[in-house]
file my_file26.tsv (TSV, C-alpha atoms)
chain	number	residue	atom	x	y	z
A	1	MET	CA	-18.63	-8.71	10.33
A	2	PRO	CA	-17.21	-6.16	7.86
A	3	GLU	CA	-18.94	-2.87	7.48
A	4	THR	CA	-20.94	-2.10	4.36
A	5	GLU	CA	-20.39	1.66	4.48
A	6	PRO	CA	-17.27	2.94	2.68
A	7	TRP	CA	-14.38	4.45	4.65
A	8	GLU	CA	-10.87	5.74	4.00
A	9	TYR	CA	-7.77	6.48	6.07
A	10	THR	CA	-4.53	8.21	5.09
A	11	LEU	CA	-1.33	7.96	7.11
A	12	TYR	CA	1.40	10.46	6.15
A	13	ILE	CA	4.85	9.09	6.83
A	14	PRO	CA	8.39	10.44	6.72
A	15	ASN	CA	11.12	9.01	4.54
A	16	ASN	CA	12.31	6.63	7.23
A	17	LEU	CA	12.45	2.83	7.22
A	18	ARG	CA	10.61	2.77	10.58
A	19	ALA	CA	7.58	4.03	8.66
A	20	VAL	CA	7.09	0.54	7.21
A	21	THR	CA	6.44	-0.94	10.66
A	22	VAL	CA	4.26	2.01	11.66
A	23	ALA	CA	2.20	1.57	8.49
A	24	ARG	CA	1.79	-2.19	9.02
A	25	ARG	CA	0.67	-1.83	12.62
A	26	THR	CA	-1.68	1.02	11.79
A	27	LEU	CA	-3.23	-1.01	8.98
A	28	ARG	CA	-3.69	-4.00	11.31
A	29	LEU	CA	-5.55	-1.81	13.80
A	30	ILE	CA	-7.76	-0.24	11.11
A	31	LEU	CA	-8.76	-3.60	9.64
A	32	THR	CA	-9.34	-5.16	13.05
A	33	MET	CA	-11.58	-2.28	14.13
A	34	HIS	CA	-13.59	-2.57	10.92
A	35	GLY	CA	-14.10	-6.34	11.22
A	36	LEU	CA	-11.76	-7.28	8.36
A	37	ILE	CA	-9.36	-9.43	10.37
A	38	ARG	CA	-9.32	-12.15	7.69
A	39	LEU	CA	-7.59	-9.70	5.31
A	40	VAL	CA	-4.96	-8.52	7.80
A	41	ASP	CA	-2.04	-10.82	6.98
A	42	THR	CA	-2.16	-10.32	3.23
A	43	ALA	CA	-2.97	-6.61	3.56
A	44	GLU	CA	0.00	-6.11	5.90
A	45	LEU	CA	2.35	-7.79	3.43
A	46	LEU	CA	1.04	-5.66	0.56
A	47	ALA	CA	1.20	-2.42	2.53
A	48	ALA	CA	4.73	-3.20	3.74
A	49	GLU	CA	5.91	-3.75	0.17
A	50	LEU	CA	4.26	-0.58	-1.17
A	51	VAL	CA	5.46	1.63	1.70
A	52	SER	CA	8.93	0.09	1.64
A	53	ASN	CA	9.26	0.94	-2.05
A	54	ALA	CA	8.07	4.49	-1.42
A	55	VAL	CA	10.60	4.98	1.39
A	56	ARG	CA	13.56	3.17	-0.15
A	57	HIS	CA	13.37	4.51	-3.68
A	58	THR	CA	12.41	8.15	-3.13
A	59	LYS	CA	13.78	11.02	-1.08
A	60	GLY	CA	10.58	12.75	-0.01
A	61	PRO	CA	7.66	12.04	2.27
A	62	ALA	CA	5.11	9.32	1.53
A	63	ALA	CA	1.62	8.27	2.55
A	64	LEU	CA	-0.33	5.06	3.02
A	65	ARG	CA	-3.97	5.21	1.96
A	66	VAL	CA	-6.46	2.48	2.87
A	67	ARG	CA	-9.99	2.48	1.49
A	68	TRP	CA	-12.92	0.09	1.84
A	69	ALA	CA	-15.83	0.33	-0.61
A	70	ALA	CA	-18.20	-2.17	-2.21
A	71	GLY	CA	-16.46	-5.18	-0.63
A	72	VAL	CA	-13.01	-4.20	-1.91
A	73	LEU	CA	-10.01	-3.11	0.17
A	74	ARG	CA	-7.68	-0.76	-1.71
A	75	ILE	CA	-4.21	-0.21	-0.26
A	76	GLY	CA	-1.98	2.40	-1.83
A	77	ALA	CA	1.26	4.26	-1.26
A	78	TRP	CA	1.93	7.77	-2.50
A	79	ASP	CA	5.46	9.04	-2.92
A	80	ALA	CA	6.99	12.23	-4.32
A	81	ASP	CA	8.71	10.62	-7.32
A	82	PRO	CA	6.50	10.86	-10.44
A	83	GLY	CA	8.48	8.16	-12.28
A	84	PRO	CA	6.86	4.78	-12.82
A	85	PRO	CA	7.69	1.93	-10.46
A	86	GLU	CA	9.97	-0.81	-11.70
A	87	PRO	CA	7.79	-3.49	-13.32
A	88	PRO	CA	7.49	-6.69	-11.32
A	89	GLY	CA	9.99	-9.23	-12.54
A	90	GLU	CA	11.03	-12.74	-11.85
A	91	PHE	CA	13.17	-13.34	-8.78
A	92	GLY	CA	14.98	-16.25	-7.23
A	93	PRO	CA	14.79	-17.40	-3.61
A	94	ALA	CA	18.28	-16.02	-2.82
A	95	GLU	CA	17.59	-12.52	-4.13
A	96	GLU	CA	17.26	-9.80	-1.50
A	97	GLU	CA	16.01	-6.97	-3.73
A	98	GLY	CA	13.38	-6.54	-6.42
A	99	ARG	CA	10.66	-8.79	-5.05
A	100	GLY	CA	8.23	-6.11	-3.80
A	101	LEU	CA	5.97	-5.54	-6.79
A	102	ALA	CA	6.23	-9.21	-7.80
A	103	LEU	CA	4.78	-10.08	-4.37
A	104	VAL	CA	2.10	-7.42	-4.79
A	105	LYS	CA	1.20	-8.81	-8.21
A	106	ALA	CA	1.08	-12.38	-6.84
A	107	CYS	CA	-0.96	-11.62	-3.70
A	108	ALA	CA	-3.37	-8.88	-4.77
A	109	ASP	CA	-6.47	-9.31	-6.88
A	110	LEU	CA	-5.52	-6.22	-8.89
A	111	TRP	CA	-2.73	-3.64	-8.79
A	112	GLY	CA	-1.56	-0.60	-10.70
A	113	TRP	CA	-0.09	2.88	-10.46
A	114	GLN	CA	-0.83	6.39	-11.64
A	115	PRO	CA	1.11	9.66	-11.72
A	116	LEU	CA	-0.32	12.37	-9.48
A	117	ALA	CA	-0.13	16.14	-9.39
A	118	ARG	CA	-2.11	17.92	-6.67
A	119	HIS	CA	-1.71	21.26	-4.96
A	120	GLY	CA	1.67	21.75	-6.65
A	121	ASN	CA	2.95	18.36	-5.47
A	122	ARG	CA	3.99	15.71	-7.95
A	123	GLY	CA	4.40	12.03	-7.40
A	124	LYS	CA	2.80	8.67	-8.01
A	125	PHE	CA	0.27	6.41	-6.35
A	126	VAL	CA	0.91	2.65	-6.43
A	127	TRP	CA	-2.12	0.65	-5.32
A	128	CYS	CA	-3.51	-2.85	-5.00
A	129	GLU	CA	-6.89	-4.36	-4.17
A	130	LEU	CA	-8.16	-7.28	-2.16
A	131	GLY	CA	-11.73	-8.53	-2.42
A	132	ALA	CA	-13.59	-9.55	0.70
A	133	ALA	CA	-14.78	-12.86	-0.77
call {"tool": "encode", "arguments": {"input": "my_file26.tsv", "output": "structure tokens"}}
result
Amino acid sequence: MPETEPWEYTLYIPNNLRAVTVARRTLRLILTMHGLIRLVDTAELLAAELVSNAVRHTKGPAALRVRWAAGVLRIGAWDADPGPPEPPGEFGPAEEEGRGLALVKACADLWGWQPLARHGNRGKFVWCELGAA
């Protein structure tokens, strides 16, 4: 049974494609330990897309943030590039690139992004939400 108390985890990752797998497996463990196993498959897909974009399209470090509050799971990726993400577009089955945010848009209940500036660091936070229902 999922917990009713809010919680949040942040995983800081290097700019390395292996970080996508690390983020997915970490997320699976977090959700399993908090009784949210039914959200794991979709959450892993969403996290992989967000982290992959952060690692592939920027040069700096990144972070995965996972938060549970009021029956909503928020998954987000921070990266050091303050520019907006490419808007989700249409893609064909043979296309290898450009499907990430379209998948996020299709699978999440809600998604968005915001520029960030904290402690002298600039960047953006791209996030999505899944409801527990």
call {"tool": "residues_around", "arguments": {"input": "my_file26.tsv", "residues": "region 49-60 of chain A", "least_positions_apart": "3", "cutoff": "6 Å", "atoms": "all atoms listed in the file", "output": "VMD selection string"}}
result
chain A and resid 15 20 46 77 79 to 80 100
call {"tool": "closest_residue", "arguments": {"input": "my_file26.tsv", "among": "A:Lys105, A:Arg24, A:Arg67, A:Arg38", "to": "Tyr9 (chain A)", "atoms": "all atoms listed in the file"}}
result
A:Arg67
call {"tool": "atom_distance", "arguments": {"input": "my_file26.tsv", "atom1": "CA of Gly120 (chain A)", "atom2": "CA of Leu64 (chain A)"}}
result
19.4 Å
call {"tool": "atom_distance", "arguments": {"input": "my_file26.tsv", "atom1": "CA of Leu36 (chain A)", "atom2": "CA of Ala108 (chain A)"}}
result
15.7 Å
call {"tool": "atom_distance", "arguments": {"input": "my_file26.tsv", "atom1": "CA of Met33 (chain A)", "atom2": "CA of Leu17 (chain A)"}}
result
25.5 Å
call {"tool": "residues_around", "arguments": {"input": "my_file26.tsv", "residues": "Glu8 (chain A)", "least_positions_apart": "4", "cutoff": "8 Å", "atoms": "all atoms listed in the file", "output": "ChimeraX atom specification"}}
result
/A:65-68
call {"tool": "closest_residue", "arguments": {"input": "my_file26.tsv", "among": "A:Pro61, A:Asn121, A:Ala19, A:Val126", "to": "Glu86 (chain A)", "atoms": "all atoms listed in the file"}}
result
A:Val126
call {"tool": "residues_around", "arguments": {"input": "my_file26.tsv", "residues": "Leu39 (chain A)", "least_positions_apart": "4", "cutoff": "8 Å", "atoms": "only C-alpha atoms", "output": "count of residues only"}}
result
4
call {"tool": "closest_residue", "arguments": {"input": "my_file26.tsv", "among": "A:Val22, A:Ile37, A:Leu11, A:Ala69", "to": "Glu129 (chain A)", "atoms": "only C-alpha atoms"}}
result
A:Ala69
call {"tool": "residues_around", "arguments": {"input": "my_file26.tsv", "residues": "Trp127 (chain A)", "least_positions_apart": "6", "cutoff": "8 Å", "atoms": "all atoms listed in the file", "output": "ChimeraX atom specification"}}
result
/A:50,74-77,111-113
call {"tool": "closest_residue", "arguments": {"input": "my_file26.tsv", "among": "A:Pro87, A:Pro82, A:Gly131, A:Gly35", "to": "Val104 (chain A)", "atoms": "all atoms listed in the file"}}
result
A:Pro87
call {"tool": "closest_residue", "arguments": {"input": "my_file26.tsv", "among": "A:Arg18, A:Lys124, A:Arg28, A:His34", "to": "Gly83 (chain A)", "atoms": "only C-alpha atoms"}}
result
A:Lys124
call {"tool": "closest_residue", "arguments": {"input": "my_file26.tsv", "among": "A:Asp81, A:Phe125, A:Gly71, A:Leu45", "to": "Cys107 (chain A)", "atoms": "only C-alpha atoms"}}
result
A:Leu45
